[in-house]
2 protein chains.
Amino acid sequence: MLRVEDLDTPAVIVFLDRLEANIARVQSLIARQGIGNRPHIKTHKIPAIAQMQMQAGAVGLTCQKLGELEVFVDAGVCDDYLLTYNIIGPHKTDRLMRLAGRVKRLAVVADNDVVLRGLSEAGLRHSRDIPLLIECDTGFGRNGVQSPEAALDLARLALKLPRIAFEGLMMFPNTAPHTHEFFTRAVKLFREAGIKLPVVSGGGTPALNSLAEFPMMTEHRAGTYVYNDVMMVHSGVASWQDCALQVRATVVSRPSPARAVLDCGSKVLTSDQYYVQHYGRLADYPGAVISALSEEHAIVDLTAVSKRPKIGEVVNVIPNHCCSVSNMNDEVHGVRNGVVELTWPVAARGKVR
Amino acid sequence: MLRVEDLDTPAVIVFLDRLEANIARVQSLIARQGIGNRPHIKTHKIPAIAQMQMQAGAVGLTCQKLGELEVFVDAGVCDDYLLTYNIIGPHKTDRLMRLAGRVKRLAVVADNDVVLRGLSEAGLRHSRDIPLLIECDTGFGRNGVQSPEAALDLARLALKLPRIAFEGLMMFPNTAPHTHEFFTRAVKLFREAGIKLPVVSGGGTPALNSLAEFPMMTEHRAGTYVYNDVMMVHSGVASWQDCALQVRATVVSRPSPARAVLDCGSKVLTSDQYYVQHYGRLADYPGAVISALSEEHAIVDLTAVSKRPKIGEVVNVIPNHCCSVSNMNDEVHGVRNGVVELTWPVAARGKVR
């Protein structure tokens, strides 16, 4: 029997009780709104966890990259996927079409006519209809058409192009500033144009607190909720006790009274900060924050901590951004009551194409 | 014959002419100081490139983690290593001792007595002397003893402990603010105490501009110089034409006139910023900077660019921090005159233990 203390550090662990509770809680939260739960696998990248999400009642899964989709389709956990990425070029559209032939539904997005025409041509090459959502930018500043009118224009092109089965709209995240206004206008515009919107797909874990404000959404895509992290606690959607993924790390140095150095650097935690001031927190030392990272060192600022960890001690780090931690590590260990119950390979780690 | 245009994106490429020139230039720069060149493999993590560094005249290699060392010792590229990390616990010190038995010299560092005593015990267990350097913090604020006096105290302990072969001092990087003062005093202190310092090991690629200012150093450890990146150009030690590693990425969206979105996110480039304001630059669009990253998207700010890239176009990104890019990707492609000459697996990628 392997105990958590037996794991060499740095090691990524997942508290299984918390993981199960997170899956159940969010499933029931989304179901209460009468919409579909379509979890994003980017957070865990592990088919066995997707299986748990499907068994809890998810309607399907969301992937971001073809390489992720290939891993999950191979694992056979689901037959209804949404790929939320502009797929460009014959090499990638051919991969998409081969995957589409292996599941019941594989929808994809587009936010411009180049992508849309490429998909249509791939559909023609493979004699296959492609379910399609138009991606909308409601203020997040990433991908997406910039207005409901532009969404309507692109939808009209989608309706004209062969082998494109227009299904609706998609955006990320609901918490972007203009989401409500954008989608209220979009729904009205499409209704006036006589174009049905069977799918309106919203997303984001922080948006779970405000699902009721977006009655036009038909499904929700959240990823981070399975594990949670410092960002999710800061956003008010999770507590420290909901943080299922943590990194066990050893204090390798205490160069000065207020400084500890851990053996988990940016190669384990990533440099992701977003709206968090630091790079992670020590679960059992409230006030201890990771103030700097280099590739193999985490610098912990112990100024606010009276009882301080010793050299050789193993501590648990709550990362800023758990999705990136998944991507940095080849495996995670499932832990319950101090026992390592299982070790999952992060099967879709590093799938950047 | 595979051409660079045939690579699906995102793809990490290395311009082989630049790589070879970087290796030759820095070897001769360090040799001119009459000190040893001990490159850090963390930048490339590829035995074949370490072989090129050794053939150019390096005296040995530097690794940061046991897992990296295992890959390089297996590859047999060198028989003189320095492991610049505090190694703690019997699991890791046993791995260290097994590696030491496979090469001519494997030196390691310590900055505290817990690490030092653990190494001594491992030396006793394995009947093996351990060449040891004391790590010094000269203002970088990471690992290391805080003063020359503390270095001397720890050296005295090292000299007393069985199986520890004290060899000298190590620090990173030379450009830390108190390096000159710290080492000038340390050399004097150790001389007065009658303790020899056969090795004084400095490091860092930006420090290559000022090697002559540190006559007490006997060897130099630089890593980033093989590839270079935005940080190295900002530090004045490389030009854009020295940046050997670049990321080929496709423009997947142009949501607004001044915004392009690339298919290389933080999963390819990492969020590393350090002293750079942005997350990378477009090699062929001067003024185009990556202003934001999410996991699969790079947002390019084209405000300062008049001729702007189109959807579907492939661009070359110069990353902020090439070492982290190596760690994110399973392979890099060696390119010369537009032809992909070879593909190297990043053999020591993700070795965090």
# chains A, B, ... in the order shown; residues from 1 in each chain; ligands from 1
$ select_by_dssp --residues "segment 208-336 of chain A" --states "alpha helix (DSSP H)" --output "PyMOL selection string"
chain A and resi 230-234+266-269+322-328
$ write_last_selection --atoms "N, CA and C atoms" --output "JSON list (two decimals), in the first residue's frame"
[["chain", "number", "residue", "atom", "x", "y", "z"],
["A", 230, "VAL", "N", -6.12, 28.44, -7.03],
["A", 230, "VAL", "CA", -6.14, 29.76, -6.38],
["A", 230, "VAL", "C", -7.04, 30.72, -7.16],
["A", 231, "MET", "N", -6.98, 30.69, -8.50],
["A", 231, "MET", "CA", -7.83, 31.58, -9.31],
["A", 231, "MET", "C", -9.31, 31.37, -9.03],
["A", 232, "MET", "N", -9.71, 30.08, -8.91],
["A", 232, "MET", "CA", -11.13, 29.80, -8.69],
["A", 232, "MET", "C", -11.57, 30.25, -7.30],
["A", 233, "VAL", "N", -10.69, 30.12, -6.31],
["A", 233, "VAL", "CA", -11.03, 30.60, -4.97],
["A", 233, "VAL", "C", -11.15, 32.12, -5.01],
["A", 234, "HIS", "N", -10.21, 32.79, -5.68],
["A", 234, "HIS", "CA", -10.28, 34.26, -5.80],
["A", 234, "HIS", "C", -11.55, 34.70, -6.53],
["A", 266, "SER", "N", 8.69, 26.46, -12.22],
["A", 266, "SER", "CA", 7.73, 26.72, -13.29],
["A", 266, "SER", "C", 7.54, 25.48, -14.18],
["A", 267, "LYS", "N", 8.48, 24.53, -14.12],
["A", 267, "LYS", "CA", 8.30, 23.29, -14.87],
["A", 267, "LYS", "C", 7.20, 22.42, -14.28],
["A", 268, "VAL", "N", 6.77, 22.70, -13.06],
["A", 268, "VAL", "CA", 5.65, 21.98, -12.45],
["A", 268, "VAL", "C", 4.42, 22.88, -12.34],
["A", 269, "LEU", "N", 4.60, 24.10, -11.90],
["A", 269, "LEU", "CA", 3.46, 24.98, -11.60],
["A", 269, "LEU", "C", 3.09, 25.90, -12.75],
["A", 322, "CYS", "N", -4.66, 25.16, -12.25],
["A", 322, "CYS", "CA", -4.51, 23.70, -12.23],
["A", 322, "CYS", "C", -4.44, 23.11, -13.64],
["A", 323, "CYS", "N", -5.08, 23.73, -14.63],
["A", 323, "CYS", "CA", -5.08, 23.18, -15.99],
["A", 323, "CYS", "C", -3.64, 23.11, -16.53],
["A", 324, "SER", "N", -2.88, 24.15, -16.25],
["A", 324, "SER", "CA", -1.49, 24.19, -16.73],
["A", 324, "SER", "C", -0.64, 23.16, -15.99],
["A", 325, "VAL", "N", -0.91, 22.95, -14.72],
["A", 325, "VAL", "CA", -0.16, 21.93, -13.97],
["A", 325, "VAL", "C", -0.39, 20.56, -14.61],
["A", 326, "SER", "N", -1.63, 20.26, -14.97],
["A", 326, "SER", "CA", -1.92, 18.99, -15.67],
["A", 326, "SER", "C", -1.04, 18.85, -16.90],
["A", 327, "ASN", "N", -0.90, 19.96, -17.63],
["A", 327, "ASN", "CA", -0.15, 19.89, -18.88],
["A", 327, "ASN", "C", 1.36, 19.74, -18.67],
["A", 328, "MET", "N", 1.85, 20.06, -17.47],
["A", 328, "MET", "CA", 3.29, 20.00, -17.21],
["A", 328, "MET", "C", 3.74, 18.63, -16.74]]
$ interface_residues --of "chain A" --to "chain B" --cutoff "8 Å" --atoms "only C-alpha atoms" --output "number ranges by chain"
A: 8-10, 64, 86-89, 91, 111-112, 114-115, 142-146, 252-256, 261, 264, 267-268, 270-272, 295-297, 299, 311-312, 324, 327-330, 350, 352-353
$ select_by_dssp --residues "segment 234-352 of chain B" --states "strand (DSSP E or B)" --output "ChimeraX atom specification"
/B:245-256,259-262,280-282,289-293,298-301,314-319,331-336,339-345
$ residues_around --residues "Ala222 of chain B" --least-positions-apart "3" --cutoff "6 Å" --atoms "only C-alpha atoms" --output "compact mmCIF listing (two decimals) with N, CA and C atoms, in the first residue's frame"
# COMPACT_ATOMS: atom_id res chain seq x y z
N PRO B 39 28.50 24.09 -20.09
CA PRO B 39 27.15 24.49 -20.49
C PRO B 39 26.06 23.80 -19.65
N HIS B 40 25.00 24.54 -19.42
CA HIS B 40 23.83 23.99 -18.73
C HIS B 40 22.90 23.40 -19.78
N GLY B 203 27.82 31.61 -13.45
CA GLY B 203 26.86 31.18 -14.45
C GLY B 203 26.00 32.27 -15.03
N GLY B 204 25.26 31.89 -16.06
CA GLY B 204 24.31 32.78 -16.68
C GLY B 204 24.75 33.27 -18.05
N THR B 205 23.82 33.28 -19.02
CA THR B 205 24.15 33.78 -20.35
C THR B 205 24.36 35.30 -20.38
$ atom_distance --atom1 "atom CA of Lys196 of chain A" --atom2 "atom CA of Thr218 of chain A"
12.8 Å
$ residues_around --residues "Asp284 of chain B" --least-positions-apart "6" --cutoff "9 Å" --atoms "only C-alpha atoms" --output "NGL selection string"
:B and (315-317)
$ write_last_selection --atoms "N, CA and C atoms" --output "mmCIF file, in the first residue's frame"
data_model
loop_
_atom_site.group_PDB
_atom_site.id
_atom_site.type_symbol
_atom_site.label_atom_id
_atom_site.label_comp_id
_atom_site.auth_asym_id
_atom_site.auth_seq_id
_atom_site.Cartn_x
_atom_site.Cartn_y
_atom_site.Cartn_z
ATOM 1 N N VAL B 315 3.501 32.128 -39.176
ATOM 2 C CA VAL B 315 4.508 33.115 -38.750
ATOM 3 C C VAL B 315 5.506 32.440 -37.809
ATOM 4 N N ASN B 316 6.676 33.055 -37.668
ATOM 5 C CA ASN B 316 7.696 32.564 -36.737
ATOM 6 C C ASN B 316 7.691 33.426 -35.482
ATOM 7 N N VAL B 317 7.557 32.780 -34.328
ATOM 8 C CA VAL B 317 7.559 33.494 -33.051
ATOM 9 C C VAL B 317 8.914 33.310 -32.376
#
$ atom_distance --atom1 "atom CA of Arg163 of chain A" --atom2 "atom CA of Phe182 of chain A"
27.8 Å
$ closest_residue --among "A:Gly60, A:Gly101, A:Pro198, A:Pro173" --to "Leu211 of chain A" --atoms "only C-alpha atoms"
A:Pro173
$ residues_around --residues "segment 227-229 of chain B" --least-positions-apart "5" --cutoff "6 Å" --atoms "only C-alpha atoms" --output "PyMOL selection string"
chain B and resi 243-245+319-322
$ residues_around --residues "Arg38 of chain B" --least-positions-apart "4" --cutoff "8 Å" --atoms "only C-alpha atoms" --output "mmCIF file with N, CA and C atoms, in the first residue's frame"
data_model
loop_
_atom_site.group_PDB
_atom_site.id
_atom_site.type_symbol
_atom_site.label_atom_id
_atom_site.label_comp_id
_atom_site.auth_asym_id
_atom_site.auth_seq_id
_atom_site.Cartn_x
_atom_site.Cartn_y
_atom_site.Cartn_z
ATOM 1 N N ALA B 58 33.851 22.205 -24.506
ATOM 2 C CA ALA B 58 33.350 22.312 -23.130
ATOM 3 C C ALA B 58 34.077 21.317 -22.229
ATOM 4 N N VAL B 59 34.278 21.710 -20.933
ATOM 5 C CA VAL B 59 34.992 20.829 -19.999
ATOM 6 C C VAL B 59 34.053 19.813 -19.346
ATOM 7 N N GLY B 60 32.768 20.050 -19.456
ATOM 8 C CA GLY B 60 31.783 19.170 -18.839
ATOM 9 C C GLY B 60 30.420 19.820 -18.969
ATOM 10 N N LEU B 61 29.417 19.220 -18.329
ATOM 11 C CA LEU B 61 28.046 19.712 -18.457
ATOM 12 C C LEU B 61 27.444 20.021 -17.088
ATOM 13 N N THR B 62 26.428 20.858 -17.095
ATOM 14 C CA THR B 62 25.660 21.168 -15.897
ATOM 15 C C THR B 62 24.235 20.662 -16.069
ATOM 16 N N GLU B 219 35.294 28.483 -13.829
ATOM 17 C CA GLU B 219 34.479 27.917 -14.912
ATOM 18 C C GLU B 219 33.190 28.721 -15.013
ATOM 19 N N HIS B 220 32.534 28.612 -16.179
ATOM 20 C CA HIS B 220 31.278 29.338 -16.372
ATOM 21 C C HIS B 220 30.210 28.396 -16.923
ATOM 22 N N ARG B 221 29.011 28.519 -16.337
ATOM 23 C CA ARG B 221 27.869 27.712 -16.755
ATOM 24 C C ARG B 221 26.835 28.624 -17.430
ATOM 25 N N ALA B 222 26.647 28.469 -18.722
ATOM 26 C CA ALA B 222 25.592 29.212 -19.422
ATOM 27 C C ALA B 222 24.730 28.196 -20.155
#
$ residues_around --residues "Val339 of chain A" --least-positions-apart "3" --cutoff "12 Å" --atoms "only C-alpha atoms" --output "list in words"
Met1, Leu2, Arg3, Val4, Glu5, Asp6, Leu7, Ile13, Val14, Phe15, Leu16, His333, Gly334, Val335, Arg336, Leu342 and Thr343 of chain A
$ write_last_selection --atoms "C-alpha atoms" --output "PDB file, in the first residue's frame"
ATOM      1  CA  MET A   1       0.000   0.000   0.000  1.00  0.00           C
ATOM      2  CA  LEU A   2       1.547   3.257  -1.203  1.00  0.00           C
ATOM      3  CA  ARG A   3       0.986   6.172   1.140  1.00  0.00           C
ATOM      4  CA  VAL A   4       1.101   9.792  -0.022  1.00  0.00           C
ATOM      5  CA  GLU A   5       4.242  10.302   2.084  1.00  0.00           C
ATOM      6  CA  ASP A   6       6.003   7.663  -0.028  1.00  0.00           C
ATOM      7  CA  LEU A   7       5.756   9.722  -3.241  1.00  0.00           C
ATOM      8  CA  ILE A  13      -1.836  14.573  -6.220  1.00  0.00           C
ATOM      9  CA  VAL A  14      -5.630  14.657  -6.563  1.00  0.00           C
ATOM     10  CA  PHE A  15      -7.806  14.294  -3.482  1.00  0.00           C
ATOM     11  CA  LEU A  16     -10.405  11.873  -4.835  1.00  0.00           C
ATOM     12  CA  HIS A 333      -1.805  10.351  -8.125  1.00  0.00           C
ATOM     13  CA  GLY A 334      -5.334   9.849  -6.787  1.00  0.00           C
ATOM     14  CA  VAL A 335      -5.276  10.020  -2.986  1.00  0.00           C
ATOM     15  CA  ARG A 336      -7.901   9.114  -0.354  1.00  0.00           C
ATOM     16  CA  LEU A 342      -4.330   5.007  -8.250  1.00  0.00           C
ATOM     17  CA  THR A 343      -1.992   6.786 -10.657  1.00  0.00           C
TER      18      THR A 343
END
